file run_29.txt (compact mmCIF, C-alpha atoms and all ligand atoms)
# COMPACT_ATOMS: atom_id res chain seq x y z
CA MET A 59 86.59 124.07 94.81
CA ALA A 60 85.84 121.74 97.72
CA GLU A 61 82.19 122.87 97.57
CA LEU A 62 81.83 122.07 93.85
CA GLN A 63 79.22 119.54 92.76
CA ASP A 64 78.63 117.08 89.96
CA ALA A 65 80.31 117.61 86.57
CA GLU A 66 82.03 120.80 87.71
CA LYS A 67 83.66 118.96 90.61
CA GLN A 68 84.71 116.08 88.33
CA ARG A 69 86.34 118.53 85.89
CA TYR A 70 88.12 120.34 88.72
CA VAL A 71 89.41 117.09 90.26
CA ALA A 72 90.52 115.66 86.89
CA ASP A 73 92.41 118.84 86.07
CA LEU A 74 94.01 118.94 89.52
CA PHE A 75 95.28 115.34 89.41
CA SER A 76 96.50 115.76 85.83
CA ARG A 77 98.64 118.68 87.00
CA ILE A 78 100.13 116.98 90.05
CA SER A 79 100.43 113.36 88.85
CA GLY A 80 104.22 113.65 88.47
CA ARG A 81 104.71 114.75 92.11
CA TYR A 82 101.80 112.79 93.59
CA ASP A 83 103.83 109.97 95.19
CA LEU A 84 106.49 112.30 96.56
CA MET A 85 103.83 114.58 98.05
CA ASN A 86 102.13 111.61 99.75
CA ASP A 87 105.44 110.52 101.27
CA LEU A 88 106.20 114.02 102.52
CA MET A 89 102.74 114.83 103.86
CA THR A 90 102.31 111.53 105.74
CA LEU A 91 106.01 110.92 106.50
CA GLY A 92 105.63 107.69 104.53
CA MET A 93 102.74 106.44 106.68
CA HIS A 94 100.33 106.22 103.73
CA ARG A 95 102.19 103.05 102.65
CA ARG A 96 101.38 101.30 105.93
CA TRP A 97 97.75 102.49 105.80
CA LYS A 98 97.37 101.07 102.28
CA LYS A 99 98.88 97.76 103.38
CA GLN A 100 96.46 97.63 106.32
CA THR A 101 93.51 98.47 104.05
CA ALA A 102 94.42 95.71 101.59
CA ALA A 103 94.78 93.18 104.43
CA LEU A 104 91.46 94.20 105.92
CA ALA A 105 89.67 94.10 102.54
CA VAL A 106 90.65 90.50 101.70
CA GLN A 107 90.48 89.02 105.20
CA GLY A 108 88.79 85.59 105.00
CA LEU A 109 88.15 85.92 101.23
CA SER A 110 89.84 84.73 98.06
CA GLY A 111 89.65 85.67 94.38
CA PRO A 112 90.07 88.82 92.28
CA ALA A 113 90.21 92.30 93.81
CA ILE A 114 89.59 95.79 92.46
CA ASP A 115 91.03 99.11 93.59
CA VAL A 116 88.92 102.04 92.41
CA SER A 117 90.51 105.42 91.57
CA SER A 118 93.84 103.72 91.96
CA GLY A 119 96.02 106.72 91.06
CA THR A 120 99.63 105.59 90.84
CA GLY A 121 98.62 102.07 91.84
CA ASP A 122 99.86 101.57 95.42
CA LEU A 123 96.71 99.98 96.81
CA ALA A 124 96.19 97.75 93.76
CA LEU A 125 99.78 96.56 94.19
CA GLU A 126 99.19 95.89 97.89
CA LEU A 127 96.09 93.85 97.00
CA ALA A 128 98.03 91.88 94.38
CA GLN A 129 100.66 90.96 96.97
CA ARG A 130 98.09 89.36 99.28
CA PRO A 131 98.08 85.55 99.05
CA GLU A 132 94.25 85.58 99.03
CA VAL A 133 94.15 87.63 95.79
CA ASP A 134 94.64 85.84 92.46
CA HIS A 135 94.51 89.05 90.39
CA ALA A 136 94.10 92.74 91.19
CA VAL A 137 92.71 95.44 88.90
CA GLY A 138 93.32 99.15 89.39
CA VAL A 139 90.93 101.60 87.70
CA ASP A 140 91.48 105.35 87.39
CA LEU A 141 89.81 108.09 85.37
CA LEU A 142 93.06 109.64 84.18
CA PRO A 143 95.37 108.05 81.59
CA CYS A 144 98.36 109.91 83.12
CA MET A 145 97.75 108.23 86.50
CA VAL A 146 97.22 104.83 84.85
CA ALA A 147 100.50 105.24 82.92
CA ARG A 148 102.37 105.91 86.18
CA ALA A 149 100.72 102.93 87.84
CA GLU A 150 101.61 100.68 84.89
CA ALA A 151 105.25 101.80 85.05
CA LYS A 152 105.29 100.87 88.75
CA VAL A 153 103.76 97.45 88.03
CA LEU A 154 106.33 96.78 85.30
CA GLY A 155 109.18 97.98 87.53
CA ARG A 156 108.15 95.51 90.21
CA GLY A 157 107.72 92.65 87.73
CA MET A 158 104.07 92.21 88.74
CA SER A 159 102.34 92.39 85.33
CA ASN A 160 100.94 88.88 85.79
CA SER A 161 99.18 89.67 89.03
CA VAL A 162 97.90 93.24 88.58
CA SER A 163 96.36 95.19 85.66
CA MET A 164 95.74 98.91 85.44
CA MET A 165 93.06 100.50 83.28
CA THR A 166 91.19 103.74 82.73
CA GLY A 167 87.60 103.84 83.91
CA ASP A 168 85.06 105.91 85.79
CA ALA A 169 84.35 105.03 89.42
CA LEU A 170 80.75 106.15 88.86
CA SER A 171 80.26 103.56 86.13
CA LEU A 172 82.71 100.73 86.62
CA PRO A 173 83.31 98.68 83.46
CA PHE A 174 82.62 95.34 85.18
CA ALA A 175 79.69 92.97 85.61
CA ASP A 176 77.92 92.60 88.96
CA ASP A 177 79.43 90.31 91.63
CA ARG A 178 82.81 90.08 89.87
CA PHE A 179 85.29 90.69 92.72
CA ALA A 180 85.97 89.27 96.16
CA CYS A 181 86.69 92.76 97.45
CA ALA A 182 86.88 96.40 96.38
CA THR A 183 89.03 99.17 97.85
CA ALA A 184 89.33 102.92 97.33
CA GLY A 185 92.14 105.04 98.78
CA PHE A 186 91.93 108.81 99.28
CA SER A 187 89.49 109.16 96.40
CA LEU A 188 85.93 109.03 97.71
CA ARG A 189 86.26 112.63 98.95
CA ASN A 190 86.96 113.72 95.38
CA MET A 191 83.96 112.00 93.83
CA PRO A 192 81.17 114.11 92.31
CA ASP A 193 78.66 111.58 93.68
CA ILE A 194 79.88 109.68 96.76
CA SER A 195 76.85 107.46 97.08
CA LYS A 196 77.04 106.42 93.41
CA ALA A 197 80.77 105.64 93.72
CA LEU A 198 80.12 103.47 96.76
CA SER A 199 77.16 101.71 95.18
CA GLU A 200 79.32 100.87 92.16
CA MET A 201 81.90 99.27 94.46
CA VAL A 202 79.12 97.31 96.17
CA ARG A 203 77.68 96.24 92.81
CA VAL A 204 80.93 94.71 91.49
CA VAL A 205 81.68 92.86 94.74
CA ARG A 206 80.17 89.41 95.08
CA PRO A 207 77.80 88.54 97.97
CA SER A 208 79.85 88.05 101.17
CA GLY A 209 82.63 90.13 99.59
CA ARG A 210 83.99 93.25 101.25
CA VAL A 211 84.27 96.96 100.43
CA ALA A 212 87.02 98.94 102.19
CA ILE A 213 87.52 102.70 102.04
CA LEU A 214 90.71 104.47 103.14
CA GLU A 215 90.14 108.20 103.40
CA LEU A 216 91.13 111.37 105.20
CA SER A 217 88.45 112.04 107.76
CA PRO A 218 87.25 115.15 109.60
CA MET A 219 88.87 114.87 113.04
CA GLU A 220 86.84 114.53 116.20
CA PRO A 221 86.71 117.82 118.14
CA GLY A 222 89.44 118.14 120.76
CA LEU A 223 93.07 119.03 121.31
CA ARG A 224 94.35 116.82 118.49
CA SER A 225 92.16 118.51 115.92
CA VAL A 226 93.29 121.93 117.17
CA LEU A 227 96.94 120.84 116.86
CA PHE A 228 96.52 119.32 113.40
CA ARG A 229 94.62 122.25 111.88
CA PRO A 230 97.76 124.36 111.21
CA VAL A 231 99.44 121.28 109.74
CA PHE A 232 96.56 120.67 107.30
CA HIS A 233 95.78 124.26 106.45
CA GLY A 234 99.31 125.71 106.66
CA LEU A 235 102.06 123.14 106.23
CA VAL A 236 100.35 120.98 103.57
CA PRO A 237 99.68 123.93 101.18
CA LEU A 238 103.24 125.16 101.84
CA ILE A 239 104.73 121.76 100.87
CA GLY A 240 102.37 121.77 97.86
CA ARG A 241 103.71 125.16 96.83
CA LEU A 242 107.37 124.20 97.24
CA VAL A 243 107.37 120.61 96.01
CA ALA A 244 104.39 120.15 93.68
CA ARG A 245 104.54 123.82 92.65
CA ASP A 246 100.76 123.78 92.84
CA PRO A 247 99.54 125.59 95.97
CA SER A 248 95.89 125.48 94.93
CA ALA A 249 95.86 121.67 94.70
CA TYR A 250 97.09 121.40 98.26
CA THR A 251 94.77 124.13 99.52
CA TYR A 252 91.90 122.12 98.05
CA LEU A 253 93.03 119.03 100.02
CA PRO A 254 92.37 120.26 103.60
CA ARG A 255 89.18 122.02 102.47
CA SER A 256 87.89 118.84 100.86
CA VAL A 257 88.43 117.04 104.19
CA ASP A 258 86.49 119.75 106.03
CA HIS A 259 83.60 119.20 103.60
CA PHE A 260 83.74 115.40 103.74
CA LEU A 261 81.47 113.10 105.73
CA GLU A 262 82.33 112.50 109.36
CA ALA A 263 83.40 108.91 110.01
CA ASP A 264 80.06 107.92 111.61
CA ARG A 265 78.11 109.40 108.69
CA LEU A 266 80.22 107.46 106.17
CA ALA A 267 79.56 104.29 108.17
CA ASP A 268 75.82 105.12 108.05
CA MET A 269 76.04 105.53 104.29
CA LEU A 270 77.70 102.10 103.92
CA SER A 271 74.94 100.54 106.03
CA GLY A 272 72.34 102.42 103.97
CA LEU A 273 73.75 100.78 100.83
CA GLY A 274 72.94 97.39 102.34
CA LEU A 275 76.38 96.42 103.67
CA SER A 276 76.55 94.45 106.92
CA ASP A 277 79.28 94.26 109.58
CA VAL A 278 80.10 97.90 108.88
CA GLY A 279 82.89 99.38 110.96
CA TYR A 280 85.81 101.76 110.87
CA ARG A 281 89.15 102.34 112.49
CA ARG A 282 90.96 105.64 112.77
CA LEU A 283 94.62 105.75 111.72
CA GLY A 284 97.29 108.44 111.58
CA PHE A 285 96.46 110.13 114.91
CA GLY A 286 92.80 110.32 113.88
CA THR A 287 93.42 112.11 110.57
CA VAL A 288 92.53 109.07 108.46
CA ALA A 289 89.88 106.37 108.71
CA VAL A 290 89.50 102.98 107.11
CA HIS A 291 85.86 101.91 106.75
CA TRP A 292 84.61 98.48 105.73
CA GLY A 293 81.40 96.56 105.15
CA VAL A 294 80.32 93.19 103.78
CA LYS A 295 77.90 92.72 100.89
CA GLN A 296 75.01 90.61 102.07
CA GLY A 297 74.48 87.17 100.53
CA ARG A 298 71.49 86.34 98.39
C1 LIG B 1 93.96 111.37 95.80
S1 LIG B 1 94.14 110.34 94.41
C2 LIG B 1 94.17 108.73 95.13
C3 LIG B 1 95.03 107.78 94.38
C4 LIG B 1 95.27 106.43 95.05
N1 LIG B 1 94.03 105.74 95.29
C5 LIG B 1 96.04 106.56 96.33
O1 LIG B 1 95.55 106.11 97.36
O2 LIG B 1 97.14 107.09 96.32
C6 LIG B 1 92.53 110.39 93.70
C7 LIG B 1 92.45 109.66 92.38
O3 LIG B 1 91.07 109.57 91.99
C8 LIG B 1 91.02 109.63 90.58
N2 LIG B 1 89.64 109.95 90.19
C9 LIG B 1 88.97 111.10 90.36
N3 LIG B 1 87.70 110.98 89.89
C10 LIG B 1 87.58 109.71 89.43
C11 LIG B 1 86.52 108.97 88.83
N4 LIG B 1 85.32 109.51 88.62
N5 LIG B 1 86.75 107.69 88.47
C12 LIG B 1 87.96 107.12 88.68
N6 LIG B 1 89.00 107.76 89.23
C13 LIG B 1 88.82 109.05 89.60
C14 LIG B 1 92.05 110.68 90.23
O4 LIG B 1 92.44 110.59 88.89
C15 LIG B 1 93.17 110.33 91.22
O5 LIG B 1 94.09 109.45 90.65

call {"tool": "encode", "arguments": {"input": "run_29.txt", "output": "structure tokens"}}
result
Amino acid sequence: MAELQDAEKQRYVADLFSRISGRYDLMNDLMTLGMHRRWKKQTAALAVQGLSGPAIDVSSGTGDLALELAQRPEVDHAVGVDLLPCMVARAEAKVLGRGMSNSVSMMTGDALSLPFADDRFACATAGFSLRNMPDISKALSEMVRVVRPSGRVAILELSPMEPGLRSVLFRPVFHGLVPLIGRLVARDPSAYTYLPRSVDHFLEADRLADMLSGLGLSDVGYRRLGFGTVAVHWGVKQGR
């Protein structure tokens, strides 16, 4: 599961999100008490700060972050890319429902091989998806590739908590309550057992920042959100 690698991990993740796509938004609202909406808004604002032009949200799921990007005055068009047609269909329905078809497009595509030329976007975001990637470094380098020099990459992700009282208090929530809600609401306990385990196996916030620097980004930083359970990382692609 959380320890899987490469193609096996991709197959597991694709199967998991195909199963839960219909309950995905509801589960996010329940698990975060709606806070994921504010985190996505903050990530979009941070990604486009001081920039203007098109924006891409990678592994966009049901489209929230792409929609947040599209609502920013700095963004002239946002694109959301996800591997799964079922997720893209849900995102498209949301875009249509909000009357935003002119400012945001959704499409299928692989985060490990984005169907765009180099230097195409002012900024690139990814929300709660990097953890699920079979190759994290490749997914990040693809985001860096499609962002133009001086553009920004921003990553919103669940993050292993720093040791201390908070992490002790949150452990039963992650490993007990989340799978229970998954069982009752999504009717898929294994999907929501995978979630806390995938966080345990994910890079600590400092290590993810190191990886962004290692990919050549400058001004790398991160901020913890949600009582330290989530982090938003950013970095700027260096000019030529
Ligand atoms: C936890 S959801 C995140 C969705 C959305 N970004 C959000 O913040 O709500 C992870 C998403 O990553 C997508 N995904 C997994 N592997 C992918 C890949 N290789 N390329 C593109 N999307 C992928 C899944 O289909 C799923 O929609």

call {"tool": "residues_near_ligand", "arguments": {"input": "run_29.txt", "ligand": "ligand LIG 1 (chain B)", "cutoff": "8 Å", "atoms": "only C-alpha atoms and all ligand atoms", "output": "PyMOL selection string"}}
result
chain A and resi 68+71-72+75-76+79+82-83+86+94+98+115-123+139-142+145+166-170+184-188+190-192+197+214

call {"tool": "atom_distance", "arguments": {"input": "run_29.txt", "atom1": "CA of Ala103 in chain A", "atom2": "CA of Arg130 in chain A"}}
result
7.2 Å

call {"tool": "axis_aligned_box", "arguments": {"input": "run_29.txt", "around": "range 152-170 of chain A", "padding_each_side": "4 Å", "output": "lines of an AutoDock Vina configuration file"}}
result
center_x = 95.0
center_y = 97.5
center_z = 86.5
size_x = 36.4
size_y = 25.3
size_z = 15.5

call {"tool": "residues_around", "arguments": {"input": "run_29.txt", "residues": "Val205 in chain A", "least_positions_apart": "3", "cutoff": "10 Å", "atoms": "all atoms listed in the file", "output": "mmCIF file with C-alpha atoms, keeping the file's coordinate frame"}}
result
data_model
loop_
_atom_site.group_PDB
_atom_site.id
_atom_site.type_symbol
_atom_site.label_atom_id
_atom_site.label_comp_id
_atom_site.auth_asym_id
_atom_site.auth_seq_id
_atom_site.Cartn_x
_atom_site.Cartn_y
_atom_site.Cartn_z
ATOM 1 C CA PRO A 112 90.070 88.820 92.280
ATOM 2 C CA ALA A 113 90.210 92.300 93.810
ATOM 3 C CA ILE A 114 89.590 95.790 92.460
ATOM 4 C CA PHE A 174 82.620 95.340 85.180
ATOM 5 C CA ALA A 175 79.690 92.970 85.610
ATOM 6 C CA ASP A 176 77.920 92.600 88.960
ATOM 7 C CA ASP A 177 79.430 90.310 91.630
ATOM 8 C CA ARG A 178 82.810 90.080 89.870
ATOM 9 C CA PHE A 179 85.290 90.690 92.720
ATOM 10 C CA ALA A 180 85.970 89.270 96.160
ATOM 11 C CA CYS A 181 86.690 92.760 97.450
ATOM 12 C CA ALA A 182 86.880 96.400 96.380
ATOM 13 C CA SER A 199 77.160 101.710 95.180
ATOM 14 C CA GLU A 200 79.320 100.870 92.160
ATOM 15 C CA MET A 201 81.900 99.270 94.460
ATOM 16 C CA VAL A 202 79.120 97.310 96.170
ATOM 17 C CA SER A 208 79.850 88.050 101.170
ATOM 18 C CA GLY A 209 82.630 90.130 99.590
ATOM 19 C CA ARG A 210 83.990 93.250 101.250
ATOM 20 C CA VAL A 211 84.270 96.960 100.430
ATOM 21 C CA VAL A 294 80.320 93.190 103.780
ATOM 22 C CA LYS A 295 77.900 92.720 100.890
#

call {"tool": "closest_residue", "arguments": {"input": "run_29.txt", "among": "A:Gly111, A:Leu270, A:Arg96, A:Pro218", "to": "Ile194 in chain A", "atoms": "all atoms listed in the file"}}
result
A:Leu270

call {"tool": "residues_around", "arguments": {"input": "run_29.txt", "residues": "Ala267 in chain A", "least_positions_apart": "5", "cutoff": "12 Å", "atoms": "all atoms listed in the file", "output": "compact mmCIF listing (two decimals) with C-alpha atoms, keeping the file's coordinate frame"}}
result
# COMPACT_ATOMS: atom_id res chain seq x y z
CA SER A 195 76.85 107.46 97.08
CA LEU A 198 80.12 103.47 96.76
CA VAL A 211 84.27 96.96 100.43
CA ALA A 212 87.02 98.94 102.19
CA ILE A 213 87.52 102.70 102.04
CA SER A 217 88.45 112.04 107.76
CA LEU A 261 81.47 113.10 105.73
CA GLU A 262 82.33 112.50 109.36
CA GLY A 272 72.34 102.42 103.97
CA LEU A 273 73.75 100.78 100.83
CA GLY A 274 72.94 97.39 102.34
CA LEU A 275 76.38 96.42 103.67
CA SER A 276 76.55 94.45 106.92
CA ASP A 277 79.28 94.26 109.58
CA VAL A 278 80.10 97.90 108.88
CA GLY A 279 82.89 99.38 110.96
CA TYR A 280 85.81 101.76 110.87
CA ARG A 281 89.15 102.34 112.49
CA ALA A 289 89.88 106.37 108.71
CA VAL A 290 89.50 102.98 107.11
CA HIS A 291 85.86 101.91 106.75
CA TRP A 292 84.61 98.48 105.73
CA GLY A 293 81.40 96.56 105.15
CA VAL A 294 80.32 93.19 103.78

call {"tool": "atom_distance", "arguments": {"input": "run_29.txt", "atom1": "CA of Ala105 in chain A", "atom2": "CA of Asp64 in chain A"}}
result
28.4 Å

call {"tool": "atom_distance", "arguments": {"input": "run_29.txt", "atom1": "CA of Ala147 in chain A", "atom2": "CA of Arg245 in chain A"}}
result
21.4 Å

call {"tool": "closest_residue", "arguments": {"input": "run_29.txt", "among": "A:Pro143, A:Gly234, A:Gly138, A:Pro131", "to": "Met89 in chain A", "atoms": "only C-alpha atoms"}}
result
A:Gly234

call {"tool": "closest_residue", "arguments": {"input": "run_29.txt", "among": "A:Leu242, A:Arg189, A:Pro247, A:Val236", "to": "Leu91 in chain A", "atoms": "all atoms listed in the file"}}
result
A:Val236

call {"tool": "residues_around", "arguments": {"input": "run_29.txt", "residues": "range 248-252 of chain A", "least_positions_apart": "5", "cutoff": "10 Å", "atoms": "all atoms listed in the file", "output": "list of chain:residue names"}}
result
A:Met59, A:Ala60, A:Glu61, A:Tyr70, A:Val71, A:Asp73, A:Leu74, A:Phe75, A:Arg77, A:Ile78, A:Met85, A:Phe232, A:His233, A:Gly234, A:Leu235, A:Val236, A:Pro237, A:Leu238, A:Ile239, A:Gly240, A:Arg241, A:Val257, A:Asp258

call {"tool": "decode", "arguments": {"input": "run_29.txt", "residues": "range 176-187 of chain A", "atoms": "N, CA and C atoms", "output": "short mmCIF file (atom, residue, chain, number, x, y, z; two decimals), in the first residue's frame"}}
result
data_model
loop_
_atom_site.label_atom_id
_atom_site.label_comp_id
_atom_site.auth_asym_id
_atom_site.auth_seq_id
_atom_site.Cartn_x
_atom_site.Cartn_y
_atom_site.Cartn_z
N ASP A 176 7.75 23.25 -22.44
CA ASP A 176 8.51 23.91 -21.36
C ASP A 176 8.04 25.37 -21.20
N ASP A 177 8.17 25.89 -19.99
CA ASP A 177 8.02 27.34 -19.73
C ASP A 177 6.65 27.90 -20.13
N ARG A 178 5.61 27.08 -20.00
CA ARG A 178 4.29 27.46 -20.54
C ARG A 178 3.47 28.28 -19.53
N PHE A 179 3.66 28.03 -18.22
CA PHE A 179 2.75 28.58 -17.21
C PHE A 179 3.47 29.55 -16.26
N ALA A 180 2.68 30.49 -15.75
CA ALA A 180 3.23 31.40 -14.74
C ALA A 180 3.43 30.67 -13.41
N CYS A 181 2.56 29.71 -13.13
CA CYS A 181 2.71 28.96 -11.88
C CYS A 181 2.08 27.59 -12.01
N ALA A 182 2.52 26.69 -11.14
CA ALA A 182 1.97 25.32 -11.11
C ALA A 182 1.69 24.95 -9.66
N THR A 183 0.54 24.34 -9.42
CA THR A 183 0.19 23.88 -8.07
C THR A 183 -0.09 22.37 -8.09
N ALA A 184 -0.02 21.77 -6.92
CA ALA A 184 -0.48 20.38 -6.75
C ALA A 184 -1.03 20.29 -5.33
N GLY A 185 -2.23 19.75 -5.18
CA GLY A 185 -2.86 19.64 -3.86
C GLY A 185 -3.09 18.19 -3.47
N PHE A 186 -2.52 17.78 -2.37
CA PHE A 186 -2.75 16.45 -1.78
C PHE A 186 -2.51 15.31 -2.77
N SER A 187 -1.55 15.51 -3.67
CA SER A 187 -1.33 14.48 -4.68
C SER A 187 0.12 13.99 -4.73
#
